[in-house]
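Source file: coords-v4.pdb (PDB, C-alpha atoms)
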```pdb
ATOM      1  CA  MET A1044      24.082   8.184 -19.013
ATOM      2  CA  ASN A1045      20.369   7.919 -18.282
ATOM      3  CA  GLU A1046      18.409   4.969 -16.881
ATOM      4  CA  ALA A1047      17.512   3.645 -20.352
ATOM      5  CA  ASP A1048      21.226   3.637 -21.274
ATOM      6  CA  VAL A1049      22.091   1.699 -18.093
ATOM      7  CA  GLN A1050      19.387  -0.808 -18.936
ATOM      8  CA  ALA A1051      20.572  -1.269 -22.547
ATOM      9  CA  TRP A1052      24.196  -1.599 -21.443
ATOM     10  CA  LEU A1053      23.383  -4.265 -18.830
ATOM     11  CA  ALA A1054      21.223  -6.203 -21.319
ATOM     12  CA  SER A1055      24.183  -6.226 -23.716
ATOM     13  CA  TYR A1056      26.500  -7.305 -20.894
ATOM     14  CA  ILE A1057      24.280 -10.264 -19.964
ATOM     15  CA  ARG A1058      24.071 -11.385 -23.617
ATOM     16  CA  ARG A1059      27.889 -11.319 -23.912
ATOM     17  CA  ALA A1060      28.875 -12.649 -20.478
ATOM     18  CA  TYR A1061      26.041 -15.160 -19.957
ATOM     19  CA  PRO A1062      24.753 -16.162 -23.414
ATOM     20  CA  ASN A1063      22.696 -19.094 -22.077
ATOM     21  CA  VAL A1064      20.850 -17.102 -19.415
ATOM     22  CA  LEU A1065      17.305 -15.994 -20.197
ATOM     23  CA  PHE A1066      16.353 -12.475 -19.171
ATOM     24  CA  HIS A1067      13.755  -9.820 -19.874
ATOM     25  CA  SER A1068      14.275  -6.090 -19.901
ATOM     26  CA  ASP A1069      11.293  -3.726 -19.868
ATOM     27  CA  PHE A1070      11.691  -1.470 -22.887
ATOM     28  CA  GLY A1071       8.880   0.802 -21.685
ATOM     29  CA  SER A1072      10.772   1.677 -18.531
ATOM     30  CA  GLY A1073      11.911   5.266 -18.295
ATOM     31  CA  ILE A1074      10.341   6.465 -21.534
ATOM     32  CA  LYS A1075       7.600   9.046 -21.803
ATOM     33  CA  LEU A1076       4.281   7.426 -22.632
ATOM     34  CA  THR A1077       0.986   8.983 -23.614
ATOM     35  CA  MET A1078      -1.759   8.760 -21.007
ATOM     36  CA  GLY A1079      -3.382   5.898 -22.937
ATOM     37  CA  GLN A1080      -0.091   3.992 -23.271
ATOM     38  CA  ALA A1081       0.707   4.453 -19.573
ATOM     39  CA  LYS A1082      -2.750   3.168 -18.618
ATOM     40  CA  LYS A1083      -2.333   0.120 -20.879
ATOM     41  CA  GLN A1084       1.150  -0.629 -19.531
ATOM     42  CA  LYS A1085      -0.089  -0.377 -15.935
ATOM     43  CA  ILE A1086      -2.919  -2.838 -16.666
ATOM     44  CA  GLN A1087      -0.484  -5.241 -18.343
ATOM     45  CA  ASN A1088       1.823  -5.018 -15.306
ATOM     46  CA  GLY A1089      -0.842  -6.187 -12.870
ATOM     47  CA  GLY A1090      -1.979  -2.682 -11.993
ATOM     48  CA  ARG A1091       1.473  -1.661 -10.759
ATOM     49  CA  ARG A1092       3.604   1.077 -12.199
ATOM     50  CA  ALA A1093       6.596   0.116 -10.063
ATOM     51  CA  TRP A1094       7.468  -3.222 -11.688
ATOM     52  CA  PRO A1095      11.279  -3.756 -11.850
ATOM     53  CA  ASP A1096      13.175  -2.978 -15.049
ATOM     54  CA  MET A1097      14.895  -6.321 -15.550
ATOM     55  CA  PHE A1098      14.341  -9.986 -14.703
ATOM     56  CA  ILE A1099      16.934 -12.768 -14.973
ATOM     57  CA  ALA A1100      15.065 -16.073 -15.259
ATOM     58  CA  GLN A1101      17.720 -18.245 -13.679
ATOM     59  CA  PRO A1102      17.324 -19.978 -10.317
ATOM     60  CA  SER A1103      20.334 -19.700  -8.053
ATOM     61  CA  TRP A1104      21.090 -22.049  -5.199
ATOM     62  CA  ARG A1105      23.111 -19.444  -3.402
ATOM     63  CA  SER A1106      24.586 -16.027  -3.747
ATOM     64  CA  ARG A1107      27.984 -15.269  -2.270
ATOM     65  CA  ASN A1108      26.584 -12.404  -0.220
ATOM     66  CA  ASP A1109      23.512 -14.286   1.025
ATOM     67  CA  GLY A1110      24.851 -17.578   2.365
ATOM     68  CA  ASN A1111      22.986 -20.724   1.362
ATOM     69  CA  ARG A1112      19.764 -19.268   0.049
ATOM     70  CA  HIS A1113      17.715 -20.395  -2.939
ATOM     71  CA  TYR A1114      16.273 -17.789  -5.295
ATOM     72  CA  CYS A1115      13.763 -18.281  -8.105
ATOM     73  CA  GLY A1116      15.326 -15.493 -10.213
ATOM     74  CA  LEU A1117      16.728 -11.973 -10.000
ATOM     75  CA  PHE A1118      14.742  -8.747 -10.386
ATOM     76  CA  LEU A1119      16.608  -5.454 -10.799
ATOM     77  CA  GLU A1120      15.242  -1.944 -10.491
ATOM     78  CA  LEU A1121      17.837   0.102 -12.385
ATOM     79  CA  LYS A1122      18.813   3.674 -11.663
ATOM     80  CA  LYS A1123      21.372   5.987 -13.261
ATOM     81  CA  ASP A1124      24.639   6.777 -11.476
ATOM     82  CA  GLY A1125      24.256   9.389  -8.774
ATOM     83  CA  THR A1126      20.641   8.515  -7.957
ATOM     84  CA  HIS A1127      19.792   8.797  -4.269
ATOM     85  CA  LEU A1128      17.123   6.368  -3.111
ATOM     86  CA  LYS A1129      16.584   8.059   0.233
ATOM     87  CA  LYS A1130      16.519  11.583   1.590
ATOM     88  CA  LYS A1131      18.856  12.687   4.379
ATOM     89  CA  ASN A1132      16.101  12.000   6.915
ATOM     90  CA  GLY A1133      15.916   8.343   5.809
ATOM     91  CA  GLU A1134      12.639   8.614   3.897
ATOM     92  CA  TRP A1135      12.422   7.327   0.329
ATOM     93  CA  ALA A1136      13.397   9.979  -2.222
ATOM     94  CA  SER A1137       9.913   9.941  -3.794
ATOM     95  CA  ASP A1138       6.587   8.133  -3.623
ATOM     96  CA  HIS A1139       7.550   6.259  -6.795
ATOM     97  CA  VAL A1140      10.834   4.980  -5.289
ATOM     98  CA  ALA A1141       8.920   3.947  -2.152
ATOM     99  CA  GLU A1142       6.465   2.025  -4.353
ATOM    100  CA  GLN A1143       9.393   0.360  -6.176
ATOM    101  CA  ALA A1144      10.973  -0.614  -2.844
ATOM    102  CA  GLU A1145       7.683  -2.169  -1.733
ATOM    103  CA  VAL A1146       7.428  -4.247  -4.927
ATOM    104  CA  LEU A1147      11.045  -5.426  -4.475
ATOM    105  CA  GLU A1148      10.226  -6.452  -0.895
ATOM    106  CA  GLN A1149       7.141  -8.379  -2.029
ATOM    107  CA  LEU A1150       9.249 -10.185  -4.647
ATOM    108  CA  ARG A1151      11.838 -11.089  -1.976
ATOM    109  CA  ASP A1152       9.032 -12.520   0.145
ATOM    110  CA  LYS A1153       8.118 -14.758  -2.811
ATOM    111  CA  GLY A1154      11.634 -16.205  -3.130
ATOM    112  CA  TYR A1155      13.289 -13.888  -5.646
ATOM    113  CA  ARG A1156      16.392 -11.827  -5.201
ATOM    114  CA  ALA A1157      15.215  -8.277  -5.871
ATOM    115  CA  GLU A1158      17.511  -5.261  -5.709
ATOM    116  CA  PHE A1159      17.979  -1.665  -6.689
ATOM    117  CA  ALA A1160      21.082  -1.255  -8.875
ATOM    118  CA  ILE A1161      22.478   2.251  -9.202
ATOM    119  CA  GLY A1162      24.585   2.502 -12.341
ATOM    120  CA  ILE A1163      26.320  -0.032 -14.546
ATOM    121  CA  ASP A1164      29.039  -1.027 -12.060
ATOM    122  CA  GLU A1165      26.566  -1.924  -9.313
ATOM    123  CA  GLY A1166      24.350  -3.709 -11.836
ATOM    124  CA  ILE A1167      27.278  -5.847 -13.018
ATOM    125  CA  ARG A1168      28.312  -6.594  -9.432
ATOM    126  CA  ILE A1169      24.812  -7.791  -8.498
ATOM    127  CA  ILE A1170      24.399  -9.838 -11.698
ATOM    128  CA  ASP A1171      27.829 -11.473 -11.382
ATOM    129  CA  ASP A1172      27.289 -12.212  -7.691
ATOM    130  CA  TYR A1173      23.927 -13.774  -8.440
ATOM    131  CA  LEU A1174      24.965 -15.841 -11.454
ATOM    132  CA  CYS A1175      28.543 -16.780 -10.507
ATOM    133  CA  GLY A1176      27.697 -17.270  -6.852
ATOM    134  CA  GLY A1177      25.183 -19.904  -7.858
ATOM    135  CA  ILE A1178      25.260 -22.675 -10.414
ATOM    136  CA  ILE A1179      25.899 -20.623 -13.562
ATOM    137  CA  LYS A1180      29.398 -20.076 -14.844
ATOM    138  CA  ARG A1181      30.426 -17.891 -17.753
TER     139      ARG A1181
END
```
Encoded form (structure tokens):
Amino acid sequence: MNEADVQAWLASYIRRAYPNVLFHSDFGSGIKLTMGQAKKQKIQNGGRRAWPDMFIAQPSWRSRNDGNRHYCGLFLELKKDGTHLKKKNGEWASDHVAEQAEVLEQLRDKGYRAEFAIGIDEGIRIIDDYLCGGIIKR
């Protein structure tokens, strides 16, 4: 299962499990674009190529794993199962992953929960923790 499959599966999961929750999934993520398309997408993403794959537009007053913290929404950077974010020496696996980690950190600083999710199971765990740990129930 590739990253696009993980993304499609999680989008389907959210629609089934949380039908009243608004979310956006970036269709352009993980697909090969022409140079012109990539340039246009980068401009439309604020000049960043490391924008997260999915956004759940639901505030949460708390998340079970984060105590009593308020979040404005949840951003997820999705990866396929088996992806390693860091090398054995602790460095990010690539410049692109490092750039993604930086964007996630900036989003956290602005009041969002922002996480890497490796595979469907971790994606579901993070989504359920965020939505069920707060004010949303299935």
### Interatomic distance (Å, one decimal) between atom CA of A:Ala1157 and atom CA of A:Phe1118
4.6 Å
#### Entry: Output check: residues returned by the PyMOL selection byres ((chain A and resi 1169) around 12), as an NGL selection string
:A and (1053 or 1057 or 1099 or 1106-1109 or 1117-1121 or 1156-1168 or 1170-1176)
### Query
With all atoms listed in the file as the atoms that count, which of A:Lys1075, A:Arg1059, A:His1113, A:His1067 lies nearest to A:Tyr1155?
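The answer is A:His1113, which sits nearest to A:Tyr1155.
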### Query
Given the file above and the PyMOL selection byres ((chain A and resi 1142-1150) around 12), which residues are selected, and can you give them as a PyMOL selection string?
chain A and resi 1088-1098+1114-1122+1128-1129+1134-1141+1151-1160
### Task
Would you mind reading off the distance between atom CA of A:Glu1046 and atom CA of A:Arg1058, one decimal, in Å?
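Computed distance, atom CA of A:Glu1046 to atom CA of A:Arg1058, equals 18.6 Å.
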### Query
atom CA of A:Asp1069 and atom CA of A:Gln1087, how far apart in Å?
12.0 Å
